[in-house]
file upload21.csv (CSV, C-alpha atoms)
chain,number,residue,atom,x,y,z
A,1,MET,CA,15.8,24.7,-12.8
A,2,ALA,CA,12.1,24.9,-13.3
A,3,VAL,CA,12.6,26.2,-16.9
A,4,GLU,CA,15.0,23.4,-17.7
A,5,LEU,CA,12.7,20.9,-16.3
A,6,GLN,CA,9.8,22.2,-18.4
A,7,GLU,CA,11.9,21.7,-21.4
A,8,THR,CA,12.8,18.1,-20.5
A,9,LYS,CA,11.3,15.6,-22.8
A,10,VAL,CA,8.8,13.5,-21.0
A,11,ASP,CA,8.2,10.0,-22.3
A,12,ARG,CA,5.2,9.1,-20.1
A,13,THR,CA,2.8,11.1,-18.1
A,14,ILE,CA,0.7,9.5,-15.3
A,15,ASP,CA,-2.3,11.5,-14.3
A,16,ALA,CA,-2.7,10.6,-10.6
A,17,ARG,CA,-4.6,13.8,-9.7
A,18,GLY,CA,-7.4,13.1,-7.2
A,19,SER,CA,-5.6,10.0,-6.0
A,20,TYR,CA,-4.5,10.0,-2.3
A,21,CYS,CA,-1.3,8.8,-0.7
A,22,PRO,CA,0.1,6.2,-1.5
A,23,GLY,CA,-1.7,6.2,-4.9
A,24,PRO,CA,0.5,8.4,-7.0
A,25,LEU,CA,3.7,6.8,-5.6
A,26,MET,CA,2.4,3.3,-6.4
A,27,GLU,CA,1.4,4.4,-9.9
A,28,LEU,CA,4.8,5.9,-10.5
A,29,ILE,CA,6.5,2.6,-9.3
A,30,ARG,CA,4.4,0.7,-11.8
A,31,ALA,CA,5.2,3.1,-14.6
A,32,ILE,CA,9.0,3.1,-13.9
A,33,ARG,CA,9.0,-0.7,-14.0
A,34,GLU,CA,7.4,-0.6,-17.4
A,35,ALA,CA,9.6,2.1,-18.7
A,36,ARG,CA,13.0,1.7,-20.4
A,37,VAL,CA,16.2,2.9,-18.7
A,38,GLY,CA,16.7,6.6,-19.5
A,39,GLU,CA,13.1,7.3,-20.0
A,40,VAL,CA,11.5,10.2,-18.2
A,41,VAL,CA,8.2,9.7,-16.4
A,42,GLU,CA,6.2,12.5,-14.8
A,43,VAL,CA,3.4,12.1,-12.3
A,44,LEU,CA,0.7,14.7,-11.9
A,45,SER,CA,-0.3,14.6,-8.3
A,46,SER,CA,-2.6,16.7,-6.1
A,47,ASP,CA,-1.5,14.7,-3.0
A,48,THR,CA,0.8,16.6,-0.7
A,49,GLY,CA,2.6,13.4,0.5
A,50,SER,CA,3.9,12.8,-3.0
A,51,ARG,CA,6.2,15.8,-2.8
A,52,ARG,CA,8.2,14.1,-0.1
A,53,ASP,CA,7.5,10.5,-0.8
A,54,ILE,CA,8.5,10.5,-4.5
A,55,PRO,CA,12.0,12.0,-4.0
A,56,LYS,CA,12.6,9.7,-1.1
A,57,TRP,CA,11.5,6.7,-3.2
A,58,CYS,CA,13.9,7.8,-6.0
A,59,GLU,CA,16.7,7.9,-3.5
A,60,LYS,CA,15.9,4.4,-2.2
A,61,ALA,CA,15.2,2.9,-5.6
A,62,ARG,CA,18.2,4.7,-7.2
A,63,HIS,CA,16.3,6.6,-9.9
A,64,GLN,CA,17.0,10.2,-10.7
A,65,PHE,CA,14.5,12.7,-9.3
A,66,LEU,CA,14.5,15.6,-11.8
A,67,GLY,CA,12.3,18.0,-9.8
A,68,ILE,CA,8.9,19.4,-9.1
A,69,VAL,CA,6.9,21.8,-11.3
A,70,ASP,CA,4.1,23.5,-9.5
A,71,GLU,CA,0.8,23.9,-11.4
A,72,PRO,CA,-2.4,25.3,-10.1
A,73,GLY,CA,-3.9,22.7,-7.8
A,74,PHE,CA,-1.3,20.0,-8.5
A,75,ALA,CA,2.4,19.3,-9.1
A,76,ARG,CA,4.4,17.6,-11.8
A,77,LEU,CA,7.0,15.3,-10.3
A,78,VAL,CA,9.6,14.3,-12.9
A,79,VAL,CA,11.7,11.2,-12.6
A,80,ARG,CA,14.2,9.5,-14.9
A,81,LYS,CA,14.5,5.7,-14.8
A,82,ALA,CA,18.2,5.3,-14.0
A,83,ARG,CA,18.7,1.5,-14.0
B,1,MET,CA,14.8,-6.5,-0.1
B,2,ALA,CA,16.5,-6.7,3.3
B,3,ASP,CA,14.3,-4.8,5.7
B,4,ARG,CA,10.9,-6.0,6.7
B,5,LEU,CA,7.7,-4.7,8.2
B,6,SER,CA,5.7,-7.1,10.2
B,7,MET,CA,2.1,-6.5,11.3
B,8,VAL,CA,-0.2,-8.5,13.6
B,9,VAL,CA,-3.6,-7.7,12.3
B,10,PHE,CA,-6.1,-8.3,15.1
B,11,SER,CA,-8.8,-5.8,14.1
B,12,GLY,CA,-11.4,-6.4,11.4
B,13,THR,CA,-12.8,-2.9,11.1
B,14,VAL,CA,-12.3,-0.9,7.9
B,15,ASP,CA,-10.7,2.0,9.7
B,16,LYS,CA,-8.0,-0.3,11.0
B,17,LEU,CA,-7.6,-2.3,7.8
B,18,PHE,CA,-6.8,0.9,5.9
B,19,PRO,CA,-3.6,1.6,7.8
B,20,VAL,CA,-2.6,-2.1,7.3
B,21,ALA,CA,-2.9,-1.7,3.5
B,22,ILE,CA,-1.3,1.8,3.5
B,23,MET,CA,1.7,0.8,5.7
B,24,ALA,CA,2.2,-2.3,3.5
B,25,SER,CA,2.2,0.0,0.4
B,26,GLY,CA,4.8,2.3,2.0
B,27,ALA,CA,7.0,-0.7,2.9
B,28,VAL,CA,6.8,-2.1,-0.6
B,29,ALA,CA,7.6,1.3,-2.1
B,30,MET,CA,10.7,1.5,0.1
B,31,GLU,CA,11.7,-2.0,-1.0
B,32,GLN,CA,11.0,-3.7,2.3
B,33,GLU,CA,9.4,-7.1,2.8
B,34,VAL,CA,6.0,-7.2,4.4
B,35,ASN,CA,5.0,-10.0,6.8
B,36,ILE,CA,1.3,-9.9,7.8
B,37,PHE,CA,-0.3,-12.2,10.4
B,38,LEU,CA,-4.1,-12.2,10.5
B,39,THR,CA,-5.6,-13.2,13.7
B,40,PHE,CA,-9.1,-13.1,15.3
B,41,TRP,CA,-11.2,-10.3,13.8
B,42,GLY,CA,-8.4,-9.5,11.5
B,43,LEU,CA,-8.7,-12.9,10.0
B,44,ASP,CA,-12.5,-12.8,10.0
B,45,ALA,CA,-12.2,-9.8,7.7
B,46,PHE,CA,-10.4,-12.0,5.2
B,47,ARG,CA,-13.1,-14.6,4.8
B,48,LYS,CA,-14.3,-14.9,1.2
B,49,GLY,CA,-16.7,-12.1,0.4
B,50,GLU,CA,-15.9,-10.1,3.6
B,51,PRO,CA,-13.4,-7.6,2.1
B,52,GLN,CA,-16.0,-6.5,-0.4
B,53,THR,CA,-18.9,-6.1,2.0
B,54,ASN,CA,-17.4,-5.2,5.4
B,55,MET,CA,-18.5,-1.8,6.5
B,56,ARG,CA,-17.6,-2.0,10.2
B,57,ILE,CA,-16.0,0.9,12.0
B,58,SER,CA,-14.3,0.9,15.4
B,59,LYS,CA,-16.8,1.4,18.2
B,60,ASP,CA,-14.9,4.4,19.6
B,61,PHE,CA,-15.4,6.3,16.3
B,62,GLU,CA,-18.8,4.9,15.5
B,63,ASP,CA,-20.4,8.4,15.4
B,64,LYS,CA,-18.0,9.5,12.6
B,65,GLY,CA,-18.0,6.3,10.7
B,66,GLN,CA,-20.8,7.0,8.2
B,67,ALA,CA,-19.4,10.4,7.4
B,68,ILE,CA,-15.9,9.2,6.7
B,69,MET,CA,-17.1,6.3,4.6
B,70,ALA,CA,-19.2,8.6,2.5
B,71,LEU,CA,-16.3,11.1,2.1
B,72,MET,CA,-14.0,8.3,1.0
B,73,GLN,CA,-16.6,7.1,-1.5
B,74,GLN,CA,-17.2,10.6,-2.8
B,75,LYS,CA,-13.4,11.2,-3.2
B,76,GLN,CA,-13.0,7.8,-4.9
B,77,VAL,CA,-10.4,6.5,-2.5
B,78,PRO,CA,-9.6,2.9,-3.4
B,79,SER,CA,-10.7,0.4,-0.8
B,80,TRP,CA,-8.3,-1.0,1.8
B,81,TYR,CA,-8.5,-4.3,0.0
B,82,GLN,CA,-7.7,-2.8,-3.4
B,83,THR,CA,-4.8,-0.9,-1.8
B,84,LEU,CA,-3.4,-4.1,-0.2
B,85,LYS,CA,-3.8,-6.0,-3.5
B,86,THR,CA,-1.8,-3.3,-5.3
B,87,ALA,CA,0.9,-3.5,-2.7
B,88,LYS,CA,1.1,-7.2,-3.0
B,89,GLU,CA,1.2,-7.1,-6.8
B,90,LEU,CA,4.0,-4.4,-6.8
B,91,GLY,CA,5.8,-6.3,-4.0
B,92,ASN,CA,6.6,-9.1,-6.4
B,93,GLY,CA,6.3,-11.9,-3.9
B,94,ASN,CA,7.7,-9.9,-1.0
B,95,VAL,CA,4.3,-9.3,0.7
B,96,LYS,CA,3.2,-12.4,2.6
B,97,ILE,CA,-0.2,-12.6,4.2
B,98,HIS,CA,-0.5,-15.4,6.8
B,99,ALA,CA,-3.6,-16.7,8.5
B,100,CYS,CA,-3.4,-17.6,12.2
B,101,ALA,CA,-3.7,-21.4,12.6
B,102,MET,CA,-5.3,-21.1,16.0
B,103,THR,CA,-8.1,-18.7,14.9
B,104,MET,CA,-8.7,-21.0,11.9
B,105,ASP,CA,-9.2,-24.0,14.2
B,106,LEU,CA,-11.3,-22.1,16.6
B,107,MET,CA,-13.6,-20.7,14.0
B,108,GLY,CA,-13.7,-24.0,12.1
B,109,MET,CA,-12.2,-22.4,8.9
B,110,THR,CA,-10.1,-23.9,6.2
B,111,LYS,CA,-7.8,-22.1,3.7
B,112,ASP,CA,-10.7,-22.4,1.2
B,113,ASP,CA,-12.9,-20.2,3.4
B,114,LEU,CA,-10.4,-17.3,3.0
B,115,ASP,CA,-9.9,-14.7,0.3
B,116,PRO,CA,-7.2,-15.8,-2.2
B,117,ILE,CA,-5.0,-12.8,-1.1
B,118,VAL,CA,-4.1,-14.9,1.9
B,119,ASP,CA,-1.0,-16.9,1.2
B,120,ASP,CA,-1.0,-19.6,3.9
B,121,VAL,CA,-1.8,-20.7,7.4
B,122,VAL,CA,0.9,-20.5,10.0
B,123,GLY,CA,1.4,-20.9,13.7
B,124,VAL,CA,2.3,-18.0,15.9
B,125,GLY,CA,5.8,-19.4,16.4
B,126,GLU,CA,6.7,-19.2,12.8
B,127,PHE,CA,5.3,-15.7,12.5
B,128,VAL,CA,7.3,-14.4,15.5
B,129,GLU,CA,10.4,-16.0,14.1
B,130,GLU,CA,9.9,-14.4,10.7
B,131,ALA,CA,9.1,-11.0,12.4
B,132,GLN,CA,12.4,-11.2,14.3
B,133,LYS,CA,14.2,-10.7,10.9
B,134,GLY,CA,12.9,-7.1,10.8
B,135,LYS,CA,13.1,-4.1,13.1
B,136,VAL,CA,9.4,-3.2,13.2
B,137,THR,CA,6.3,-5.2,14.2
B,138,LEU,CA,3.0,-3.4,14.5
B,139,PHE,CA,-0.1,-4.6,16.3
B,140,ILE,CA,-3.2,-3.3,14.6
call {"tool": "encode", "arguments": {"input": "upload21.csv", "output": "C-alpha cells"}}
result
Amino acid sequence: MAVELQETKVDRTIDARGSYCPGPLMELIRAIREARVGEVVEVLSSDTGSRRDIPKWCEKARHQFLGIVDEPGFARLVVRKAR
Amino acid sequence: MADRLSMVVFSGTVDKLFPVAIMASGAVAMEQEVNIFLTFWGLDAFRKGEPQTNMRISKDFEDKGQAIMALMQQKQVPSWYQTLKTAKELGNGNVKIHACAMTMDLMGMTKDDLDPIVDDVVGVGEFVEEAQKGKVTLFI
C-alpha cells in the first residue's frame, strides 16, 4: 500500500507543515477546488487532526483518499479529486 | 449544503472567538451551512478595527492569557479573524454572519461601524427561525 502510494504521481503538493487544525484541511479544500478531476493532491501536515479529518472530509466531499505516508515529523496525505 | 451549524456569539474575548472561527471552518469543510449571530460583547468584537487589535482573554483564564497568546504568535497560528475569513471564503456564501439588531440599537451602532465580514443586521426572531433549520446551535 505505502509503496504503491509512494509511486503514485502527485500533481500538486501543499506544504502545510507547522499549520494547526483546521489549517491543512482548509488548504486541501482550496487546492482540490482548483485542481482538475483525476488530479492527485498531497498535503504535508504535522497536525495530528489532519490524519482523521482529511479522510473524513474525502468521504463527505466524495473524493478518493489514497492514504497516508508517514515521514519523520509529518505525514503525507494523498487525495485524488474524484468529481 | 443541507446541514447547518448555528452559533450565538455573546463573548468578545479572543479565546472564545477562536472556537467560533474553528467550528465554522469544520462546518464549512463538512459542507454545512454556518449561521452566526453576534450579540453584545460578541458584536463589539466585530466593530471596525477591533478584530485586528483585540487582545482580551476571559477573566477566568487571565493568568494564562499572555503565555498562550505568545505561544500562538510564536507558532504562527493564524488569528481567529483570519480563520473565520478563510472559512467564509471557502464556504462560498454558505457562511452568514449576522449582527444583533438590539445590540446595535443599544450601542448606537450602524452597519458602517462593523467590520465588512458581517453580512447584515437581523432580529433575534429571524435568527432563531434560521437556527431551527439545523440540529446544532452553540452559545459561545
call {"tool": "interface_residues", "arguments": {"input": "upload21.csv", "of": "chain B", "to": "chain A", "cutoff": "8 Å", "atoms": "all atoms listed in the file", "output": "compact mmCIF listing (two decimals) with C-alpha atoms, in the frame of the given file"}}
result
# COMPACT_ATOMS: atom_id res chain seq x y z
CA ILE B 22 -1.30 1.80 3.50
CA SER B 25 2.20 0.00 0.40
CA GLY B 26 4.80 2.30 2.00
CA ALA B 29 7.60 1.30 -2.10
CA MET B 30 10.70 1.50 0.10
CA GLU B 31 11.70 -2.00 -1.00
CA LYS B 75 -13.40 11.20 -3.20
CA GLN B 76 -13.00 7.80 -4.90
CA VAL B 77 -10.40 6.50 -2.50
CA THR B 86 -1.80 -3.30 -5.30
CA ALA B 87 0.90 -3.50 -2.70
CA LEU B 90 4.00 -4.40 -6.80
call {"tool": "closest_residue", "arguments": {"input": "upload21.csv", "among": "A:Glu39, A:Arg17, A:Ala31, A:Ser50", "to": "Pro72 (chain A)", "atoms": "all atoms listed in the file"}}
result
A:Arg17
call {"tool": "atom_distance", "arguments": {"input": "upload21.csv", "atom1": "CA of Leu44 (chain A)", "atom2": "CA of Pro51 (chain B)"}}
result
29.9 Å
call {"tool": "atom_distance", "arguments": {"input": "upload21.csv", "atom1": "CA of Val136 (chain B)", "atom2": "CA of Ser58 (chain B)"}}
result
24.2 Å
call {"tool": "residues_around", "arguments": {"input": "upload21.csv", "residues": "Ala35 (chain A)", "least_positions_apart": "5", "cutoff": "10 Å", "atoms": "all atoms listed in the file", "output": "short mmCIF file (atom, residue, chain, number, x, y, z; two decimals) with C-alpha atoms, in the frame of the given file"}}
result
data_model
loop_
_atom_site.label_atom_id
_atom_site.label_comp_id
_atom_site.auth_asym_id
_atom_site.auth_seq_id
_atom_site.Cartn_x
_atom_site.Cartn_y
_atom_site.Cartn_z
CA ASP A 11 8.20 10.00 -22.30
CA ARG A 12 5.20 9.10 -20.10
CA ILE A 29 6.50 2.60 -9.30
CA ARG A 30 4.40 0.70 -11.80
CA VAL A 40 11.50 10.20 -18.20
CA VAL A 41 8.20 9.70 -16.40
CA ARG A 80 14.20 9.50 -14.90
CA LYS A 81 14.50 5.70 -14.80
#
call {"tool": "residues_around", "arguments": {"input": "upload21.csv", "residues": "region 92-107 of chain B", "least_positions_apart": "2", "cutoff": "7 Å", "atoms": "only C-alpha atoms", "output": "ChimeraX atom specification"}}
result
/B:33-40,43,88-90,109-110,118-124
call {"tool": "atom_distance", "arguments": {"input": "upload21.csv", "atom1": "CA of Glu71 (chain A)", "atom2": "CA of Val37 (chain A)"}}
result
27.0 Å
call {"tool": "closest_residue", "arguments": {"input": "upload21.csv", "among": "A:Arg62, A:Arg51, A:Ala75, A:Glu42", "to": "Ile14 (chain A)", "atoms": "only C-alpha atoms"}}
result
A:Glu42
call {"tool": "residues_around", "arguments": {"input": "upload21.csv", "residues": "Leu77 (chain A)", "least_positions_apart": "6", "cutoff": "6 Å", "atoms": "all atoms listed in the file", "output": "ChimeraX atom specification"}}
result
/A:42-43,67-68
call {"tool": "closest_residue", "arguments": {"input": "upload21.csv", "among": "A:Asp15, A:Ile32, A:Gly49, A:Glu7", "to": "Ala82 (chain A)", "atoms": "only C-alpha atoms"}}
result
A:Ile32
call {"tool": "residues_around", "arguments": {"input": "upload21.csv", "residues": "Tyr81 (chain B)", "least_positions_apart": "6", "cutoff": "10 Å", "atoms": "all atoms listed in the file", "output": "PyMOL selection string"}}
result
chain B and resi 14+17-18+20-21+46+51-52+87+117
call {"tool": "residues_around", "arguments": {"input": "upload21.csv", "residues": "Gly12 (chain B)", "least_positions_apart": "2", "cutoff": "6 Å", "atoms": "only C-alpha atoms", "output": "list in words"}}
result
Trp41, Gly42 and Ala45 of chain B
call {"tool": "build_atoms", "arguments": {"input": "upload21.csv", "residues": "region 41-66 of chain A", "atoms": "N, CA and C atoms", "output": "PDB file, in the coordinates of the input"}}
result
ATOM      1  N   VAL A  41       9.618   9.866 -16.713  1.00  0.00           N
ATOM      2  CA  VAL A  41       8.200   9.700 -16.400  1.00  0.00           C
ATOM      3  C   VAL A  41       7.796  10.846 -15.468  1.00  0.00           C
ATOM      4  N   GLU A  42       6.663  11.461 -15.761  1.00  0.00           N
ATOM      5  CA  GLU A  42       6.200  12.500 -14.800  1.00  0.00           C
ATOM      6  C   GLU A  42       4.835  12.060 -14.269  1.00  0.00           C
ATOM      7  N   VAL A  43       4.658  12.407 -12.993  1.00  0.00           N
ATOM      8  CA  VAL A  43       3.400  12.100 -12.300  1.00  0.00           C
ATOM      9  C   VAL A  43       2.724  13.410 -11.990  1.00  0.00           C
ATOM     10  N   LEU A  44       1.470  13.517 -12.355  1.00  0.00           N
ATOM     11  CA  LEU A  44       0.700  14.700 -11.900  1.00  0.00           C
ATOM     12  C   LEU A  44      -0.027  14.280 -10.660  1.00  0.00           C
ATOM     13  N   SER A  45       0.241  15.030  -9.601  1.00  0.00           N
ATOM     14  CA  SER A  45      -0.300  14.600  -8.300  1.00  0.00           C
ATOM     15  C   SER A  45      -0.849  15.844  -7.542  1.00  0.00           C
ATOM     16  N   SER A  46      -2.011  15.654  -6.941  1.00  0.00           N
ATOM     17  CA  SER A  46      -2.600  16.700  -6.100  1.00  0.00           C
ATOM     18  C   SER A  46      -2.418  16.289  -4.609  1.00  0.00           C
ATOM     19  N   ASP A  47      -1.729  15.186  -4.381  1.00  0.00           N
ATOM     20  CA  ASP A  47      -1.500  14.700  -3.000  1.00  0.00           C
ATOM     21  C   ASP A  47      -0.249  15.249  -2.442  1.00  0.00           C
ATOM     22  N   THR A  48      -0.346  15.871  -1.268  1.00  0.00           N
ATOM     23  CA  THR A  48       0.800  16.600  -0.700  1.00  0.00           C
ATOM     24  C   THR A  48       1.933  15.579  -0.304  1.00  0.00           C
ATOM     25  N   GLY A  49       1.558  14.366   0.088  1.00  0.00           N
ATOM     26  CA  GLY A  49       2.600  13.400   0.500  1.00  0.00           C
ATOM     27  C   GLY A  49       3.529  13.034  -0.636  1.00  0.00           C
ATOM     28  N   SER A  50       3.058  13.096  -1.871  1.00  0.00           N
ATOM     29  CA  SER A  50       3.900  12.800  -3.000  1.00  0.00           C
ATOM     30  C   SER A  50       5.155  13.626  -3.094  1.00  0.00           C
ATOM     31  N   ARG A  51       5.035  14.875  -2.683  1.00  0.00           N
ATOM     32  CA  ARG A  51       6.200  15.800  -2.800  1.00  0.00           C
ATOM     33  C   ARG A  51       7.359  15.368  -1.978  1.00  0.00           C
ATOM     34  N   ARG A  52       7.077  14.632  -0.928  1.00  0.00           N
ATOM     35  CA  ARG A  52       8.200  14.100  -0.100  1.00  0.00           C
ATOM     36  C   ARG A  52       8.471  12.662  -0.417  1.00  0.00           C
ATOM     37  N   ASP A  53       7.384  11.913  -0.622  1.00  0.00           N
ATOM     38  CA  ASP A  53       7.500  10.500  -0.800  1.00  0.00           C
ATOM     39  C   ASP A  53       8.260  10.124  -2.120  1.00  0.00           C
ATOM     40  N   ILE A  54       7.934  10.830  -3.177  1.00  0.00           N
ATOM     41  CA  ILE A  54       8.500  10.500  -4.500  1.00  0.00           C
ATOM     42  C   ILE A  54      10.007  10.727  -4.536  1.00  0.00           C
ATOM     43  N   PRO A  55      10.505  11.902  -4.078  1.00  0.00           N
ATOM     44  CA  PRO A  55      12.000  12.000  -4.000  1.00  0.00           C
ATOM     45  C   PRO A  55      12.651  10.993  -3.134  1.00  0.00           C
ATOM     46  N   LYS A  56      12.022  10.675  -2.008  1.00  0.00           N
ATOM     47  CA  LYS A  56      12.600   9.700  -1.100  1.00  0.00           C
ATOM     48  C   LYS A  56      12.635   8.296  -1.797  1.00  0.00           C
ATOM     49  N   TRP A  57      11.573   7.997  -2.496  1.00  0.00           N
ATOM     50  CA  TRP A  57      11.500   6.700  -3.200  1.00  0.00           C
ATOM     51  C   TRP A  57      12.636   6.644  -4.250  1.00  0.00           C
ATOM     52  N   CYS A  58      12.827   7.748  -4.965  1.00  0.00           N
ATOM     53  CA  CYS A  58      13.900   7.800  -6.000  1.00  0.00           C
ATOM     54  C   CYS A  58      15.243   7.511  -5.411  1.00  0.00           C
ATOM     55  N   GLU A  59      15.465   8.110  -4.233  1.00  0.00           N
ATOM     56  CA  GLU A  59      16.700   7.900  -3.500  1.00  0.00           C
ATOM     57  C   GLU A  59      16.913   6.413  -3.209  1.00  0.00           C
ATOM     58  N   LYS A  60      15.851   5.844  -2.660  1.00  0.00           N
ATOM     59  CA  LYS A  60      15.900   4.400  -2.200  1.00  0.00           C
ATOM     60  C   LYS A  60      16.012   3.496  -3.442  1.00  0.00           C
ATOM     61  N   ALA A  61      15.228   3.770  -4.465  1.00  0.00           N
ATOM     62  CA  ALA A  61      15.200   2.900  -5.600  1.00  0.00           C
ATOM     63  C   ALA A  61      16.268   3.215  -6.647  1.00  0.00           C
ATOM     64  N   ARG A  62      17.062   4.214  -6.352  1.00  0.00           N
ATOM     65  CA  ARG A  62      18.200   4.700  -7.200  1.00  0.00           C
ATOM     66  C   ARG A  62      17.714   5.047  -8.623  1.00  0.00           C
ATOM     67  N   HIS A  63      16.679   5.910  -8.639  1.00  0.00           N
ATOM     68  CA  HIS A  63      16.300   6.600  -9.900  1.00  0.00           C
ATOM     69  C   HIS A  63      16.559   8.056  -9.701  1.00  0.00           C
ATOM     70  N   GLN A  64      16.585   8.783 -10.831  1.00  0.00           N
ATOM     71  CA  GLN A  64      17.000  10.200 -10.700  1.00  0.00           C
ATOM     72  C   GLN A  64      15.717  11.072 -10.612  1.00  0.00           C
ATOM     73  N   PHE A  65      15.618  11.793  -9.503  1.00  0.00           N
ATOM     74  CA  PHE A  65      14.500  12.700  -9.300  1.00  0.00           C
ATOM     75  C   PHE A  65      14.881  14.039  -9.969  1.00  0.00           C
ATOM     76  N   LEU A  66      14.151  14.434 -11.005  1.00  0.00           N
ATOM     77  CA  LEU A  66      14.500  15.600 -11.800  1.00  0.00           C
ATOM     78  C   LEU A  66      13.937  16.906 -11.181  1.00  0.00           C
TER      79      LEU A  66
END
